[in-house]
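Have a look at the structure below, then the notes.
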Amino acid sequence: MSATGERATDEVTNAGDPSVDAFLQRLPARLRPRSAEPEGSGVRRRRIETTVLVLLALLIAVAVVHDIHRQSKINYRLTADIESWRELTGNVYKKVGLAYEAVAVETDARHYTTKDVACGNISIAKAGARTQVCLVMTGPILRRRIDGKIQQRRASHGGFFVQPRTSTGYKDHRYGCFGEAIAEERCKLPTPNGAYHTPPSGFGA
Amino acid sequence: MTSDSPIHSSTRAPAGRFATLTAGRGIRRQRDGASEREGISRTPPQALLLGLLLIGATVWLIIDAADGKSPLLPPSPSMTKWLEGLGSTLTFHIFLICLLVFTCAYAGLVYYAGRITPLVAIALVAIVNVVVFVGPVLISTDVFSYIAYARMAVVHGVNPYTHGPHAIAGDPIYKYVGTDWLKATSAYGPLYTLISYPIAPLGKIASVWGMKVEALLASTACFALTWRCAKQRGLNPVPALLVVGANPLWVIYGFGGEHNDLIMIAFMLAAVTFALGERDVRAGTSIMLGAFIKATAVAILPFMLVGRRRPKQLLGAILGLVFCVVLGYALFGAHGVDIVTVLRKDSSYVSSDGFPTIFMHLLGKPGVYPVDHVLLTAGMAVVLAYLLWRTWRGYDWVAASGWAMLTIAVTSPWLLAWYTLWGLPLSVIVRDRRLMITILIVQGLYIAHQLAPLFSPVILT
């Protein structure tokens with residue numbers, strides 16, 4: 001478009017079809033399409049755009065830093081959950097390969113509390129291959145000196161069992177609730193005949 | 001838009017500085033008909049060192065990944081046995097350190113990009129991508145969904161647009177499909193499913209290699225087209241190639257995961273190169289072909305039509321649309337061509353890495369609610385409308401397309417690393433440097449967000 005005598009700043013900007021552009025010349029000047037932005041035009045607009053971009057980038061950067069901090073806190077909590085599960089059940093599945101590192105923690109995705117459920121096999125096996133004992137972890141992270149090192153633990157006041165190769169996320173799959181898990185009605189399944197249902201030895205209900 | 005930039009008005013911009021990525025002396029020389037290599041006979045040793053660092057980080061990552069058993073790798077058929085035993089299990093910490101080193105080296109290379117010779121740039125990009133090519137599938141299970149959909153159509157005669165992979169539960173590839181996607185119907189275009197057909201009858205290992213070859217071809221096409229577009233626009237192609245080909249999210253997440261986004265981007269770039277070469281029908285057709293690989297590509301069509309105002313481009317788009325609709329309908333029925341439903345379904349997902357989710361956490365909310373989806377869509381629509389208006393009034397349609405792709409990715413609650421790649425090749429072939437800088441900042445923030453485990457305790461040891 002050369003109707004306004006603008007000079008293209010780029011040899012490959014938006015050069016339209018001559019017949020289409022001739023037709024579009026009927027539009028008011030402010031609405032007509034242009035092949036290129038006029039030389040030196042839009043400095044103020046460009047500044048505004050750049051300012052908005054910088055502000056948005058700063059906002060996202062702050063949000064990212066905040067989220068990294070938030071995630072780190074959650075990771076510390078989950079680590080404390082796993083270590084507490086190991087201590088309370090006496091099952092220390094370490095350095096036996098990832099497939100056997102069978103302690104999984106579910107966070108409270110419904111109410112977004114810090115009440116987590118840590119589940120793992122009652123004996124060493126692939127993840128979920130044995131009866132799962134699940135402990136409900138609550139409260140703040142407690143720092144304790146264990147074996148000369150500061151370690152982090154959380155309290156558990158209840159839990160339940162799930163049969164092998166069964167999802168831990170459904171009440172219908174859970175049985176043998178103990179501690180506060182009974183009052184919280186976390187189990188719907190009656191204890192199956194012969195199923196393992198002894199609360200962990202280290203459990204301090 | 002670009003004329004007021006000091007970079008474009010100055011011929012004294014120091015070669016090799018960040019400013020010369022898409023402008024400055026290199027471009028002036030090319031405009032004058034001189035070789036882009038004039039004055040750049042040697043790559044600075046700092047850049048070579050950074051290149052070696054980048055290759056080293058990639059090799060370390062791939063060797064450790066080949067050892068298997070990593071939480072960062074999707075369950076996968078054993079396909080890199082010859083690399084096993086060279087490294088140790090790829091832990092989160094090792095992965096993130098490699099990613100961090102890769103990213104820092106990349107940032108340095110971007111800084112020196114204007115002083116790197118074409119040979120060194122091409123060699124670096126080739127080496128890094130070949131290293132990833134010979135390694136296992138990284139990060140994502142998507143490639144197994146691609147294979148499953150192809151096998152559903154070819155081997156089992158099941159329509160992947162009406163059934164999820166659970167319909168072929170007995171298939172050997174089924175156990176590798178991500179658990180979240182077992183019941184999900186294909187979200188990809190029928191053209192992509194068709195392209196996957198030759199891979200479907202292969203065995204499970206051969207089919208993964210087939211997908212790797214497909215991704216390699218797509219990635220190479222993207223690099224070649226980026227180079228070509230940069231030259232068509234009178235820009236230095238070397239920095240353009242480096243910014244795209246050595247990009248950590250491109251190499252590790254996009255190419256490492258064999259994502260079909262690379263094929264979609266190749267069609268988008270083909271459309272740009274056709275448009276710049278005045279081959280308007282092909283330009284319009286290419287966009288529609290890309291949209292029938294992955295629907296997002298259609299977002300650049302309005303910008304091309306508004307910016308170029310060529311009836312032939314519209315004709316090409318209609319031809320491409322008709323071809324793909326007929327093809328999709330013939331192969332998969334009405335569900336195979338229902339892009340609207342696909343886009344609606346995709347926009348309803350939420351990922352923990354999405355910037356909207358991160359922003360909601362900052363506001364104290366647990367995540368993105370349906371009302372937030374509406375607000376984000378409205379915000380995106382406003383930005384796209386503004387970009388269209390700017391394009392109508394002379395702003396470069398390629399740059400506007402890049403901004404549009406970035407806007408779609410950033411406002412999506414379902415942001416994945418490879419979505420940030422959509423606008424990247426467009427950003428290096430335009431003169432508005434703000435686009436590339438913004439995309440690189442967004443990618444940097446995405447990578448930073450991945451680093452949270454580095455600040456967390458190690459559980460296993």
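By order of appearance in the structure tokens: chains A, B, ..., then residues from 1 within every chain, and ligands from 1 in the order shown.
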
For chain A, report every residue with an atom at most 6 Å from chain B (counting only C-alpha atoms), formatted as a compact mmCIF listing (two decimals) with N, CA and C atoms, in the first residue's frame.
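Output file selection-v1.txt follows:
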```
# COMPACT_ATOMS: atom_id res chain seq x y z
N THR A 13 7.60 -7.15 4.10
CA THR A 13 6.41 -6.93 4.92
C THR A 13 5.17 -7.18 4.09
N ASN A 14 4.05 -6.74 4.63
CA ASN A 14 2.78 -7.25 4.14
C ASN A 14 2.32 -6.64 2.81
N ALA A 15 2.97 -7.04 1.74
CA ALA A 15 2.56 -6.53 0.43
C ALA A 15 1.35 -7.30 -0.06
N GLY A 16 0.23 -6.58 -0.18
CA GLY A 16 -1.01 -7.24 -0.56
C GLY A 16 -1.19 -7.35 -2.07
N ASP A 17 -2.24 -8.06 -2.44
CA ASP A 17 -2.58 -8.19 -3.86
C ASP A 17 -3.06 -6.82 -4.36
N PRO A 33 -5.80 -1.05 5.10
CA PRO A 33 -4.62 -1.88 5.42
C PRO A 33 -3.35 -1.20 4.93
N ARG A 34 -2.25 -1.57 5.56
CA ARG A 34 -0.96 -1.03 5.13
C ARG A 34 -0.02 -2.18 4.78
N SER A 35 0.86 -1.93 3.86
CA SER A 35 1.87 -2.95 3.50
C SER A 35 3.00 -2.98 4.52
N ALA A 36 3.22 -1.84 5.13
CA ALA A 36 4.28 -1.76 6.14
C ALA A 36 3.97 -0.61 7.05
N GLU A 37 4.60 -0.63 8.22
CA GLU A 37 4.41 0.49 9.13
C GLU A 37 5.28 1.66 8.67
N GLU A 39 7.87 4.59 8.37
CA GLU A 39 9.18 4.80 8.99
C GLU A 39 9.04 5.74 10.18
N GLY A 40 9.55 5.31 11.34
CA GLY A 40 9.56 6.18 12.51
C GLY A 40 8.23 6.31 13.22
N ALA A 63 5.91 -15.10 40.03
CA ALA A 63 5.06 -16.28 40.24
C ALA A 63 5.88 -17.57 40.18
N VAL A 64 6.85 -17.61 39.26
CA VAL A 64 7.69 -18.82 39.13
C VAL A 64 8.54 -19.02 40.39
N ILE A 68 8.38 -22.19 42.87
CA ILE A 68 9.53 -23.05 43.18
C ILE A 68 9.63 -23.22 44.70
N SER A 72 9.14 -26.68 46.69
CA SER A 72 10.21 -27.18 47.54
C SER A 72 9.66 -27.55 48.91
N ASN A 75 7.85 -30.74 48.58
CA ASN A 75 8.80 -31.85 48.43
C ASN A 75 9.42 -32.24 49.77
```

Non-local contacts of Leu88 of chain A (12 Å; only C-alpha atoms; under 4 positions in same chain excluded) as a list in words:
Ala80, Asp81, Ile82, Glu83, Ser84, Val92, Ala118, Cys119, Gly120, Ile122, Val133, Cys134, Leu135, Val136, Met137, Arg153, Arg154, Ala155, Ser156, His157, Gly158, Gly159, Pro199, Pro200, Ser201, Gly202, Phe203, Gly204 and Ala205 of chain A

Residues as selected, C-alpha atoms, written as a PDB file, in the first residue's frame, can you do that?
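So the final result, stored in out_4.pdb, reads:
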```pdb
ATOM      1  CA  ALA A  80       9.294 -36.446  55.525  1.00  0.00           C
ATOM      2  CA  ASP A  81       6.184 -38.547  54.781  1.00  0.00           C
ATOM      3  CA  ILE A  82       8.228 -41.268  53.098  1.00  0.00           C
ATOM      4  CA  GLU A  83      10.884 -41.316  55.798  1.00  0.00           C
ATOM      5  CA  SER A  84       8.165 -41.434  58.473  1.00  0.00           C
ATOM      6  CA  VAL A  92      13.407 -49.436  54.731  1.00  0.00           C
ATOM      7  CA  ALA A 118       1.868 -42.606  52.184  1.00  0.00           C
ATOM      8  CA  CYS A 119       1.504 -46.165  50.891  1.00  0.00           C
ATOM      9  CA  GLY A 120       3.982 -48.963  50.352  1.00  0.00           C
ATOM     10  CA  ILE A 122       4.335 -54.651  53.519  1.00  0.00           C
ATOM     11  CA  VAL A 133      -0.075 -50.384  54.115  1.00  0.00           C
ATOM     12  CA  CYS A 134      -1.059 -46.741  53.987  1.00  0.00           C
ATOM     13  CA  LEU A 135      -0.459 -44.173  56.717  1.00  0.00           C
ATOM     14  CA  VAL A 136      -2.215 -40.827  56.956  1.00  0.00           C
ATOM     15  CA  MET A 137       0.445 -38.200  57.643  1.00  0.00           C
ATOM     16  CA  ARG A 153       9.445 -36.711  60.291  1.00  0.00           C
ATOM     17  CA  ARG A 154       5.690 -36.230  60.354  1.00  0.00           C
ATOM     18  CA  ALA A 155       3.137 -37.715  62.697  1.00  0.00           C
ATOM     19  CA  SER A 156       0.662 -40.408  61.724  1.00  0.00           C
ATOM     20  CA  HIS A 157      -2.458 -41.236  63.715  1.00  0.00           C
ATOM     21  CA  GLY A 158      -4.130 -43.674  61.395  1.00  0.00           C
ATOM     22  CA  GLY A 159      -4.058 -45.702  58.248  1.00  0.00           C
ATOM     23  CA  PRO A 199      -1.130 -52.165  62.016  1.00  0.00           C
ATOM     24  CA  PRO A 200       2.621 -51.514  61.705  1.00  0.00           C
ATOM     25  CA  SER A 201       4.708 -52.207  64.763  1.00  0.00           C
ATOM     26  CA  GLY A 202       6.020 -48.668  64.927  1.00  0.00           C
ATOM     27  CA  PHE A 203       2.586 -47.165  64.634  1.00  0.00           C
ATOM     28  CA  GLY A 204       1.889 -44.817  67.515  1.00  0.00           C
ATOM     29  CA  ALA A 205      -1.869 -44.444  67.434  1.00  0.00           C
TER      30      ALA A 205
END
```

Nearest to Leu54 of chain B: which of B:Ala417, B:Ile97, B:Leu235, B:Val368 is it, counting only C-alpha atoms?
B:Ile97

Nearest residue to Ser76 of chain B from the set B:Ala297, B:Leu138, B:Ala317, B:Leu387 (distances using only C-alpha atoms)
B:Leu138

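For the pair atom CA of His259 of chain B and atom CA of Phe144 of chain B, the separation is 10.4 Å.
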
In segment 6-188 of chain A, what's helix (DSSP H, G or I) per DSSP? Answer as a PyMOL selection string?
chain A and resi 18-24+29-31+43-89+98-100+171-173+180-183

Do you know which residues are at most 9 Å from His166 of chain B counting only C-alpha atoms, after dropping those on the same chain fewer than 5 positions away, and could you put them as a PyMOL selection string?
chain B and resi 174+181-184

So that I can see what lies close to segment 195-197 of chain A, please list as an MDAnalysis selection string the residues with an atom at most 7 Å from it, counting only C-alpha atoms and leaving out residues fewer than 4 positions away in the same chain.
chainID A and resid 161 176 191

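Between Pro140 of chain A and the candidates A:Arg44, A:Arg110, A:His66, A:Lys73, the tightest atom-to-atom separation, counting only C-alpha atoms, involves A:Lys73.
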
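Picture a line from atom CA of Gly254 of chain B to atom CA of Leu421 of chain B; it runs 7.9 Å.
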
What parts of chain A does DSSP call strand (DSSP E)? I'd like the answer as a short mmCIF file (atom, residue, chain, number, x, y, z; two decimals) with N, CA and C atoms, in the first residue's frame.
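Once everything was written out, this is part.cif:
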```cif
data_model
loop_
_atom_site.label_atom_id
_atom_site.label_comp_id
_atom_site.auth_asym_id
_atom_site.auth_seq_id
_atom_site.Cartn_x
_atom_site.Cartn_y
_atom_site.Cartn_z
N ALA A 104 4.67 -44.56 47.89
CA ALA A 104 4.08 -43.46 47.11
C ALA A 104 3.26 -42.59 48.05
N VAL A 105 3.29 -41.31 47.81
CA VAL A 105 2.53 -40.39 48.66
C VAL A 105 1.46 -39.70 47.83
N GLU A 106 0.24 -39.74 48.35
CA GLU A 106 -0.84 -39.01 47.68
C GLU A 106 -1.18 -37.79 48.52
N ASP A 116 -1.45 -35.98 54.03
CA ASP A 116 -1.01 -36.86 52.93
C ASP A 116 -1.24 -38.31 53.31
N VAL A 117 -1.29 -39.17 52.29
CA VAL A 117 -1.38 -40.61 52.53
C VAL A 117 -0.17 -41.27 51.87
N ALA A 118 0.68 -41.92 52.70
CA ALA A 118 1.87 -42.61 52.18
C ALA A 118 1.60 -44.11 52.19
N CYS A 119 1.78 -44.74 51.03
CA CYS A 119 1.50 -46.16 50.89
C CYS A 119 2.73 -46.90 50.37
N GLY A 120 2.89 -48.13 50.85
CA GLY A 120 3.98 -48.96 50.35
C GLY A 120 3.71 -50.42 50.66
N ASN A 121 4.48 -51.31 50.02
CA ASN A 121 4.33 -52.75 50.24
C ASN A 121 4.65 -53.12 51.68
N GLN A 132 -0.68 -53.33 50.42
CA GLN A 132 -0.16 -51.98 50.71
C GLN A 132 -0.62 -51.55 52.09
N VAL A 133 0.32 -51.02 52.86
CA VAL A 133 -0.08 -50.38 54.11
C VAL A 133 0.07 -48.88 53.91
N CYS A 134 -1.03 -48.19 54.22
CA CYS A 134 -1.06 -46.74 53.99
C CYS A 134 -1.19 -46.01 55.32
N LEU A 135 -0.40 -44.98 55.50
CA LEU A 135 -0.46 -44.17 56.72
C LEU A 135 -0.86 -42.74 56.37
N VAL A 136 -1.78 -42.22 57.16
CA VAL A 136 -2.21 -40.83 56.96
C VAL A 136 -1.26 -39.93 57.74
N MET A 137 -0.56 -39.06 57.02
CA MET A 137 0.44 -38.20 57.64
C MET A 137 -0.14 -36.81 57.88
N THR A 138 0.05 -36.31 59.06
CA THR A 138 -0.51 -34.99 59.39
C THR A 138 0.51 -34.14 60.14
N GLY A 139 0.17 -32.88 60.29
CA GLY A 139 0.94 -31.98 61.15
C GLY A 139 2.20 -31.43 60.50
N PRO A 140 2.93 -30.65 61.29
CA PRO A 140 4.14 -30.02 60.75
C PRO A 140 5.29 -31.02 60.61
N ILE A 141 6.31 -30.61 59.90
CA ILE A 141 7.53 -31.44 59.79
C ILE A 141 8.32 -31.27 61.09
N LEU A 142 8.63 -32.41 61.69
CA LEU A 142 9.38 -32.38 62.95
C LEU A 142 10.83 -32.73 62.67
N ARG A 143 11.74 -31.94 63.18
CA ARG A 143 13.17 -32.23 62.96
C ARG A 143 13.69 -33.01 64.15
N ARG A 144 14.32 -34.14 63.85
CA ARG A 144 14.89 -34.98 64.91
C ARG A 144 16.31 -35.37 64.53
N ARG A 145 17.13 -35.59 65.56
CA ARG A 145 18.48 -36.08 65.29
C ARG A 145 18.44 -37.60 65.34
N ILE A 146 18.68 -38.23 64.21
CA ILE A 146 18.67 -39.69 64.13
C ILE A 146 19.99 -40.12 63.50
N LYS A 149 22.30 -37.49 62.38
CA LYS A 149 21.89 -36.55 61.33
C LYS A 149 20.53 -35.95 61.69
N ILE A 150 20.33 -34.70 61.27
CA ILE A 150 19.01 -34.10 61.45
C ILE A 150 18.08 -34.67 60.38
N GLN A 151 17.02 -35.32 60.81
CA GLN A 151 16.07 -35.89 59.85
C GLN A 151 14.67 -35.35 60.13
N GLN A 152 13.86 -35.45 59.11
CA GLN A 152 12.54 -34.85 59.22
C GLN A 152 11.47 -35.92 59.25
N ARG A 153 10.52 -35.73 60.13
CA ARG A 153 9.44 -36.71 60.29
C ARG A 153 8.10 -36.00 60.41
N ARG A 154 7.04 -36.74 60.10
CA ARG A 154 5.69 -36.23 60.35
C ARG A 154 4.94 -37.26 61.17
N ALA A 155 3.90 -36.82 61.83
CA ALA A 155 3.14 -37.72 62.70
C ALA A 155 2.08 -38.46 61.88
N SER A 156 1.77 -39.67 62.32
CA SER A 156 0.66 -40.41 61.72
C SER A 156 -0.22 -40.94 62.84
N HIS A 157 -1.52 -40.77 62.69
CA HIS A 157 -2.46 -41.24 63.71
C HIS A 157 -3.47 -42.19 63.12
N GLY A 158 -3.18 -42.73 61.97
CA GLY A 158 -4.13 -43.67 61.39
C GLY A 158 -3.68 -44.15 60.04
N GLY A 159 -4.41 -45.17 59.56
CA GLY A 159 -4.06 -45.70 58.25
C GLY A 159 -5.00 -46.81 57.84
N PHE A 160 -4.65 -47.52 56.79
CA PHE A 160 -5.51 -48.60 56.27
C PHE A 160 -4.68 -49.51 55.37
N PHE A 161 -5.32 -50.55 54.84
CA PHE A 161 -4.64 -51.49 53.95
C PHE A 161 -5.35 -51.55 52.60
N VAL A 162 -4.59 -51.94 51.60
CA VAL A 162 -5.15 -52.14 50.27
C VAL A 162 -4.53 -53.42 49.72
N ARG A 174 -10.26 -50.09 50.19
CA ARG A 174 -9.51 -50.02 51.45
C ARG A 174 -10.18 -50.85 52.53
N TYR A 175 -9.36 -51.48 53.36
CA TYR A 175 -9.89 -52.25 54.48
C TYR A 175 -8.97 -52.08 55.69
N GLY A 176 -9.43 -52.58 56.83
CA GLY A 176 -8.59 -52.62 58.04
C GLY A 176 -8.17 -51.27 58.54
N CYS A 177 -9.05 -50.27 58.47
CA CYS A 177 -8.69 -48.94 58.96
C CYS A 177 -8.31 -49.00 60.43
N PHE A 178 -7.33 -48.22 60.80
CA PHE A 178 -6.93 -48.15 62.21
C PHE A 178 -6.67 -46.68 62.57
N GLY A 179 -6.73 -46.43 63.89
CA GLY A 179 -6.50 -45.05 64.37
C GLY A 179 -7.60 -44.11 63.88
#
```

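We find atom CA of Glu49 of chain A and atom CA of Ala295 of chain B to be spaced 28.3 Å apart.
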